[in-house]
file model.cif (mmCIF, C-alpha atoms)
data_data
loop_
_atom_site.label_atom_id
_atom_site.label_comp_id
_atom_site.auth_asym_id
_atom_site.auth_seq_id
_atom_site.Cartn_x
_atom_site.Cartn_y
_atom_site.Cartn_z
CA MET L 149 26.95 282.41 61.68
CA ARG L 150 26.16 285.41 63.78
CA LEU L 151 26.78 289.11 64.16
CA SER L 152 29.45 289.80 66.81
CA PRO L 153 28.43 291.42 70.12
CA ALA L 154 30.72 294.37 69.22
CA ALA L 155 28.80 294.95 66.00
CA GLU L 156 25.43 294.71 67.82
CA LEU L 157 26.70 297.38 70.21
CA ALA L 158 28.08 299.53 67.38
CA ILE L 159 24.64 299.54 65.72
CA ARG L 160 22.83 300.44 68.95
CA GLY L 161 25.31 303.13 69.91
CA SER L 162 25.44 304.70 66.45
CA LEU L 163 21.63 304.84 66.27
CA ILE L 164 21.58 306.91 69.45
CA LEU L 165 24.17 309.27 67.92
CA ALA L 166 22.06 309.36 64.73
CA LYS L 167 18.92 310.26 66.66
CA ARG L 168 20.77 313.18 68.32
CA HIS L 169 22.68 314.27 65.22
CA ASN L 170 23.37 318.04 65.08
CA GLN L 171 22.47 318.42 68.76
CA GLY L 172 26.08 318.56 69.98
CA PRO L 173 28.34 315.87 71.46
CA VAL L 174 26.63 312.92 73.13
CA THR L 175 28.32 311.47 76.21
CA LEU L 176 28.62 307.76 76.99
CA GLY L 177 26.50 308.46 80.08
CA MET L 178 23.68 309.90 77.94
CA ILE L 179 23.85 306.89 75.62
CA CYS L 180 23.77 304.41 78.48
CA ASP L 181 20.83 306.28 80.03
CA ASP L 182 19.02 305.99 76.71
CA ASP L 183 19.75 302.27 76.31
CA LYS L 184 20.23 300.52 79.66
CA ARG L 185 21.60 297.36 78.03
CA LEU L 186 24.80 299.09 76.92
CA SER L 187 28.04 298.78 78.87
CA ARG L 188 29.90 302.09 79.11
CA GLU L 189 33.38 300.54 78.97
CA TYR L 190 32.58 298.28 76.05
CA LEU L 191 30.86 301.12 74.19
CA ALA L 192 33.98 303.32 74.63
CA ARG L 193 36.07 300.59 72.98
CA VAL L 194 33.58 300.11 70.16
CA PHE L 195 33.37 303.89 69.53
CA GLY L 196 37.19 303.90 69.41
CA MET L 197 37.00 301.38 66.53
CA MET L 198 34.28 303.45 64.86
CA ALA L 199 36.41 306.60 65.21
CA ARG L 200 39.31 304.84 63.46
CA ALA L 201 36.89 303.85 60.70
CA GLY L 202 35.83 307.51 60.29
CA ILE L 203 32.21 307.10 61.39
CA VAL L 204 32.35 308.63 64.86
CA ARG L 205 34.36 311.60 66.15
CA PRO L 206 35.27 311.97 69.83
CA ILE L 207 35.06 315.55 71.10
CA ARG L 208 37.29 316.22 74.11
CA GLY L 209 36.69 318.65 76.95
CA LYS L 210 34.01 319.59 79.45
CA ASN L 211 31.13 319.46 77.00
CA GLY L 212 32.70 316.64 75.01
CA GLY L 213 31.30 313.34 73.87
CA TYR L 214 30.80 311.67 70.52
CA VAL L 215 29.23 312.77 67.25
CA LEU L 216 28.76 311.11 63.89
CA THR L 217 31.20 312.43 61.27
CA ARG L 218 28.48 312.45 58.59
CA ASP L 219 24.74 312.79 58.21
CA PRO L 220 23.03 309.51 59.30
CA LYS L 221 21.45 309.28 55.85
CA ASN L 222 24.95 308.73 54.46
CA ILE L 223 26.06 306.01 56.91
CA SER L 224 25.05 302.45 56.05
CA LEU L 225 24.53 299.53 58.39
CA LEU L 226 27.32 297.72 56.51
CA GLU L 227 29.80 300.52 57.30
CA VAL L 228 28.95 300.33 61.00
CA ILE L 229 29.40 296.53 61.03
CA GLU L 230 32.65 296.67 59.04
CA ALA L 231 34.02 299.37 61.36
CA VAL L 232 34.20 296.74 64.12
CA GLU L 233 34.26 293.39 62.28
CA GLY L 234 36.37 294.42 59.26
CA PRO L 235 35.48 293.50 55.67
CA GLN L 236 32.57 291.07 55.66
CA ALA L 237 33.14 287.51 54.41
CA LEU L 238 30.38 285.03 55.24
CA ASN L 239 32.89 282.19 55.01
CA ILE L 240 36.46 281.42 53.96
CA CYS L 241 35.70 281.39 50.21
CA GLN L 242 34.28 284.93 50.40
CA ASN L 243 37.53 286.35 51.78
CA ASN L 244 39.42 288.51 49.33
CA PRO L 245 41.56 286.68 48.30
CA PRO L 246 39.65 283.45 49.12
CA LEU L 247 41.18 281.33 51.89
CA CYS L 248 40.49 278.11 49.96
CA GLU L 249 42.30 277.05 46.81
CA ASN L 250 39.24 275.30 45.31
CA TYR L 251 37.09 278.40 45.04
CA LYS L 252 37.15 278.57 41.24
CA THR L 253 35.47 275.20 40.70
CA CYS L 254 33.66 274.74 44.04
CA LYS L 255 29.88 274.69 43.87
CA VAL L 256 29.50 275.56 47.56
CA GLN L 257 31.36 278.79 46.87
CA LYS L 258 28.64 279.84 44.40
CA VAL L 259 26.00 279.54 47.15
CA TRP L 260 28.02 281.72 49.53
CA LYS L 261 28.81 284.21 46.78
CA GLU L 262 25.10 284.65 46.08
CA LEU L 263 24.32 285.14 49.78
CA GLN L 264 27.27 287.50 50.21
CA GLY L 265 25.99 289.64 47.34
CA ILE L 266 22.48 289.87 48.83
CA PHE L 267 23.89 290.57 52.29
CA ASP L 268 26.24 293.35 51.12
CA LYS L 269 23.60 294.95 48.91
CA LYS L 270 20.95 295.05 51.64
CA LEU L 271 23.23 296.21 54.46
CA SER L 272 24.82 298.92 52.35
CA ALA L 273 21.42 300.18 51.14
CA VAL L 274 20.02 300.61 54.66
CA LYS L 275 21.15 303.89 56.25
CA LEU L 276 21.18 304.86 59.93
CA SER L 277 18.58 307.59 59.23
CA GLU L 278 16.00 304.89 58.37
CA LEU L 279 16.44 302.95 61.58
CA TYR L 280 15.38 305.12 64.52
CA MET V 54 29.46 287.56 60.78
CA ARG V 55 31.04 284.37 59.59
CA LEU V 56 30.46 280.63 59.28
CA SER V 57 32.25 278.73 62.08
CA PRO V 58 35.29 276.57 61.23
CA ALA V 59 33.31 273.54 62.50
CA ALA V 60 30.54 274.22 59.99
CA GLU V 61 33.05 274.69 57.16
CA LEU V 62 34.51 271.30 58.08
CA ALA V 63 31.05 269.70 58.36
CA ILE V 64 30.23 270.85 54.81
CA ARG V 65 33.51 269.56 53.38
CA GLY V 66 33.32 266.25 55.21
CA SER V 67 29.67 265.61 54.36
CA LEU V 68 30.31 266.35 50.68
CA ILE V 69 32.92 263.59 50.61
CA LEU V 70 30.39 261.20 52.22
CA ALA V 71 27.80 262.39 49.66
CA LYS V 72 30.15 261.68 46.75
CA ARG V 73 30.70 258.12 48.05
CA HIS V 74 27.10 257.50 49.08
CA ASN V 75 26.02 253.83 48.72
CA GLN V 76 29.65 252.71 48.38
CA GLY V 77 29.99 251.51 51.98
CA PRO V 78 31.45 253.18 55.06
CA VAL V 79 34.04 255.91 54.47
CA THR V 80 36.91 256.12 56.97
CA LEU V 81 38.35 259.35 58.34
CA GLY V 82 41.61 258.34 56.65
CA MET V 83 39.90 258.14 53.25
CA ILE V 84 38.28 261.53 53.80
CA CYS V 85 41.55 263.17 54.84
CA ASP V 86 43.29 261.62 51.79
CA ASP V 87 40.58 263.12 49.61
CA ASP V 88 40.83 266.58 51.19
CA LYS V 89 44.27 267.27 52.65
CA ARG V 90 43.09 270.39 54.49
CA LEU V 91 40.95 268.37 56.91
CA SER V 92 42.18 267.47 60.40
CA ARG V 93 41.29 263.89 61.36
CA GLU V 94 40.71 264.65 65.05
CA TYR V 95 38.58 267.72 64.39
CA LEU V 96 36.60 265.86 61.73
CA ALA V 97 35.86 263.02 64.20
CA ARG V 98 34.39 265.59 66.62
CA VAL V 99 32.36 267.28 63.90
CA PHE V 100 31.03 263.93 62.64
CA GLY V 101 30.06 263.15 66.25
CA MET V 102 27.88 266.29 66.24
CA MET V 103 26.45 265.35 62.84
CA ALA V 104 25.66 261.84 64.12
CA ARG V 105 23.72 263.34 67.06
CA ALA V 106 21.83 265.50 64.53
CA GLY V 107 20.92 262.37 62.52
CA ILE V 108 22.85 263.24 59.35
CA VAL V 109 25.81 260.87 59.68
CA ARG V 110 25.96 257.30 61.02
CA PRO V 111 29.19 255.83 62.42
CA ILE V 112 29.69 252.15 61.50
CA ARG V 113 31.91 250.28 63.94
CA GLY V 114 34.26 247.37 63.22
CA LYS V 115 37.01 246.42 60.83
CA ASN V 116 35.33 247.80 57.71
CA GLY V 117 33.71 250.62 59.62
CA GLY V 118 33.62 254.33 58.95
CA TYR V 119 30.90 256.88 58.33
CA VAL V 120 27.89 257.00 56.04
CA LEU V 121 25.14 259.55 55.45
CA THR V 122 21.85 258.44 57.01
CA ARG V 123 19.89 259.68 53.97
CA ASP V 124 20.29 260.27 50.28
CA PRO V 125 22.38 263.44 49.67
CA LYS V 126 19.51 264.86 47.65
CA ASN V 127 17.52 265.00 50.90
CA ILE V 128 20.16 266.72 53.06
CA SER V 129 20.33 270.50 52.88
CA LEU V 130 23.28 272.77 53.51
CA LEU V 131 21.25 274.37 56.31
CA GLU V 132 20.86 271.00 58.08
CA VAL V 133 24.62 270.42 57.94
CA ILE V 134 25.35 273.89 59.34
CA GLU V 135 22.71 273.58 62.08
CA ALA V 136 24.05 270.17 63.07
CA VAL V 137 27.18 271.88 64.37
CA GLU V 138 26.12 275.49 65.01
CA GLY V 139 22.57 274.88 66.25
CA PRO V 140 19.53 276.85 65.03
CA GLN V 141 20.67 279.76 62.90
CA ALA V 142 20.09 283.31 64.15
CA LEU V 143 22.01 286.03 62.28
CA ASN V 144 21.85 288.22 65.36
CA ILE V 145 20.21 288.49 68.80
CA CYS V 146 16.83 289.63 67.47
CA GLN V 147 16.56 286.54 65.25
CA ASN V 148 16.86 284.17 68.20
CA ASN V 149 13.65 282.36 69.04
CA PRO V 150 12.58 283.89 71.39
CA PRO V 151 14.47 287.14 70.53
CA LEU V 152 17.23 288.12 72.98
CA CYS V 153 16.22 291.78 72.85
CA GLU V 154 13.04 293.23 74.32
CA ASN V 155 12.66 295.91 71.59
CA TYR V 156 12.22 293.49 68.73
CA LYS V 157 8.55 294.30 68.11
CA THR V 158 9.12 297.97 67.29
CA CYS V 159 12.79 297.93 66.23
CA LYS V 160 13.47 298.82 62.60
CA VAL V 161 16.87 297.11 62.64
CA GLN V 162 15.12 293.85 63.46
CA LYS V 163 13.18 294.08 60.19
CA VAL V 164 16.43 294.20 58.21
CA TRP V 165 17.78 291.10 59.96
CA LYS V 166 14.48 289.31 59.61
CA GLU V 167 14.53 289.85 55.86
CA LEU V 168 18.14 288.61 55.60
CA GLN V 169 17.40 285.65 57.88
CA GLY V 170 14.50 284.63 55.63
CA ILE V 171 16.64 284.77 52.47
CA PHE V 172 19.47 282.92 54.21
CA ASP V 173 17.25 280.11 55.54
CA LYS V 174 15.41 279.72 52.24
CA LYS V 175 18.58 279.49 50.15
CA LEU V 176 20.51 277.19 52.47
CA SER V 177 17.58 274.83 52.95
CA ALA V 178 16.92 274.68 49.19
CA VAL V 179 20.49 273.66 48.33
CA LYS V 180 21.07 269.90 48.83
CA LEU V 181 24.37 268.05 49.19
CA SER V 182 23.69 266.21 45.91
CA GLU V 183 24.02 269.51 44.00
CA LEU V 184 27.37 270.43 45.44
CA TYR V 185 29.98 267.87 44.37
#

call {"tool": "encode", "arguments": {"input": "model.cif", "output": "structure tokens"}}
result
Amino acid sequence: MRLSPAAELAIRGSLILAKRHNQGPVTLGMICDDDKRLSREYLARVFGMMARAGIVRPIRGKNGGYVLTRDPKNISLLEVIEAVEGPQALNICQNNPPLCENYKTCKVQKVWKELQGIFDKKLSAVKLSELY
Amino acid sequence: MRLSPAAELAIRGSLILAKRHNQGPVTLGMICDDDKRLSREYLARVFGMMARAGIVRPIRGKNGGYVLTRDPKNISLLEVIEAVEGPQALNICQNNPPLCENYKTCKVQKVWKELQGIFDKKLSAVKLSELY
């Protein structure tokens, strides 16, 4: 069980946008200068997913780039992860609806449900503004 | 972030062995009769991984099959998952050693560390004997 590389990148990229919030559009070049481990092409794809999820806005033109659509104190880590991974389900019984017909009586399901609750609560409580 | 299909299968298969513990070897056929969603070929591969991890023992011969190497009350859910997925790391900064050079100062790392701790504690506390 592991965070996807796309979600790792989304977190890193969005933290750079958060740090420069209200300072105008940030280009992919500026982001990749700031964090040398980021791939420009991959980041463009990930920001495309984040734009569709309403977290990032691409600004076209000469002085274009990317900005966050909202204040970083109103964007949670969970939103960033879900923008690229979709709704979080730690395993098949946490899908909505569950992908296993035994979920009502299954004792394993209760364990995952507890972990899913903790996971969702923590990641939705932590905002981008707290992380840079 | 999601449990792998192999780990889902390992949990299901080991719970059937746990339920029949001390009743002699359990064949793949018996397991697949008990849980129709399991694939025999895939289960054989997963049990191979669990045998290498010391959780399952294959018994050869006419009345052969698989048994748990220990009492189900001494096998945790975490051990079953790690038998097929390897050591658990929710993301790159929870690898040992971390796969990111910023882990000492990074505030995101603290969030994952907290979740990793909760995750490991819960999954190692829950034993197979509690789950069927």

call {"tool": "interface_residues", "arguments": {"input": "model.cif", "of": "chain V", "to": "chain L", "cutoff": "6 Å", "atoms": "only C-alpha atoms", "output": "ChimeraX atom specification"}}
result
/V:54-56,143-144,160-161,184

call {"tool": "write_last_selection", "arguments": {"input": "model.cif", "atoms": "C-alpha atoms", "output": "PDB file, in the frame of the given file"}}
result
ATOM      1  CA  MET V  54      29.460 287.560  60.780  1.00  0.00           C
ATOM      2  CA  ARG V  55      31.040 284.370  59.590  1.00  0.00           C
ATOM      3  CA  LEU V  56      30.460 280.630  59.280  1.00  0.00           C
ATOM      4  CA  LEU V 143      22.010 286.030  62.280  1.00  0.00           C
ATOM      5  CA  ASN V 144      21.850 288.220  65.360  1.00  0.00           C
ATOM      6  CA  LYS V 160      13.470 298.820  62.600  1.00  0.00           C
ATOM      7  CA  VAL V 161      16.870 297.110  62.640  1.00  0.00           C
ATOM      8  CA  LEU V 184      27.370 270.430  45.440  1.00  0.00           C
TER       9      LEU V 184
END

call {"tool": "atom_distance", "arguments": {"input": "model.cif", "atom1": "atom CA of V:Ile108", "atom2": "atom CA of L:Lys261"}}
result
25.2 Å

call {"tool": "residues_around", "arguments": {"input": "model.cif", "residues": "L:Gly161", "least_positions_apart": "2", "cutoff": "12 Å", "atoms": "all atoms listed in the file", "output": "PDB file with C-alpha atoms, keeping the file's coordinate frame"}}
result
ATOM      1  CA  ALA L 154      30.720 294.370  69.220  1.00  0.00           C
ATOM      2  CA  ALA L 155      28.800 294.950  66.000  1.00  0.00           C
ATOM      3  CA  GLU L 156      25.430 294.710  67.820  1.00  0.00           C
ATOM      4  CA  LEU L 157      26.700 297.380  70.210  1.00  0.00           C
ATOM      5  CA  ALA L 158      28.080 299.530  67.380  1.00  0.00           C
ATOM      6  CA  ILE L 159      24.640 299.540  65.720  1.00  0.00           C
ATOM      7  CA  LEU L 163      21.630 304.840  66.270  1.00  0.00           C
ATOM      8  CA  ILE L 164      21.580 306.910  69.450  1.00  0.00           C
ATOM      9  CA  LEU L 165      24.170 309.270  67.920  1.00  0.00           C
ATOM     10  CA  ALA L 166      22.060 309.360  64.730  1.00  0.00           C
ATOM     11  CA  LYS L 167      18.920 310.260  66.660  1.00  0.00           C
ATOM     12  CA  ARG L 168      20.770 313.180  68.320  1.00  0.00           C
ATOM     13  CA  VAL L 174      26.630 312.920  73.130  1.00  0.00           C
ATOM     14  CA  THR L 175      28.320 311.470  76.210  1.00  0.00           C
ATOM     15  CA  LEU L 176      28.620 307.760  76.990  1.00  0.00           C
ATOM     16  CA  GLY L 177      26.500 308.460  80.080  1.00  0.00           C
ATOM     17  CA  MET L 178      23.680 309.900  77.940  1.00  0.00           C
ATOM     18  CA  ILE L 179      23.850 306.890  75.620  1.00  0.00           C
ATOM     19  CA  CYS L 180      23.770 304.410  78.480  1.00  0.00           C
ATOM     20  CA  ASP L 181      20.830 306.280  80.030  1.00  0.00           C
ATOM     21  CA  ASP L 182      19.020 305.990  76.710  1.00  0.00           C
ATOM     22  CA  ASP L 183      19.750 302.270  76.310  1.00  0.00           C
ATOM     23  CA  LYS L 184      20.230 300.520  79.660  1.00  0.00           C
ATOM     24  CA  ARG L 185      21.600 297.360  78.030  1.00  0.00           C
ATOM     25  CA  LEU L 186      24.800 299.090  76.920  1.00  0.00           C
ATOM     26  CA  SER L 187      28.040 298.780  78.870  1.00  0.00           C
ATOM     27  CA  ARG L 188      29.900 302.090  79.110  1.00  0.00           C
ATOM     28  CA  TYR L 190      32.580 298.280  76.050  1.00  0.00           C
ATOM     29  CA  LEU L 191      30.860 301.120  74.190  1.00  0.00           C
ATOM     30  CA  ALA L 192      33.980 303.320  74.630  1.00  0.00           C
ATOM     31  CA  ARG L 193      36.070 300.590  72.980  1.00  0.00           C
ATOM     32  CA  VAL L 194      33.580 300.110  70.160  1.00  0.00           C
ATOM     33  CA  PHE L 195      33.370 303.890  69.530  1.00  0.00           C
ATOM     34  CA  GLY L 196      37.190 303.900  69.410  1.00  0.00           C
ATOM     35  CA  MET L 198      34.280 303.450  64.860  1.00  0.00           C
ATOM     36  CA  ILE L 203      32.210 307.100  61.390  1.00  0.00           C
ATOM     37  CA  VAL L 204      32.350 308.630  64.860  1.00  0.00           C
ATOM     38  CA  TYR L 214      30.800 311.670  70.520  1.00  0.00           C
ATOM     39  CA  VAL L 215      29.230 312.770  67.250  1.00  0.00           C
ATOM     40  CA  LEU L 216      28.760 311.110  63.890  1.00  0.00           C
ATOM     41  CA  VAL L 228      28.950 300.330  61.000  1.00  0.00           C
ATOM     42  CA  ILE L 229      29.400 296.530  61.030  1.00  0.00           C
ATOM     43  CA  LEU L 276      21.180 304.860  59.930  1.00  0.00           C
ATOM     44  CA  TYR L 280      15.380 305.120  64.520  1.00  0.00           C
TER      45      TYR L 280
END

call {"tool": "resolve_selection", "arguments": {"input": "model.cif", "expression": "the PyMOL selection byres ((chain V and resi 115) around 12)", "output": "list in words"}}
result
Pro78, Val79, Thr80, Ile112, Arg113, Gly114, Asn116, Gly117 and Gly118 of chain V

call {"tool": "atom_distance", "arguments": {"input": "model.cif", "atom1": "atom CA of V:Met102", "atom2": "atom CA of V:Pro125"}}
result
17.7 Å

call {"tool": "atom_distance", "arguments": {"input": "model.cif", "atom1": "atom CA of L:Asp219", "atom2": "atom CA of L:Arg200"}}
result
17.4 Å
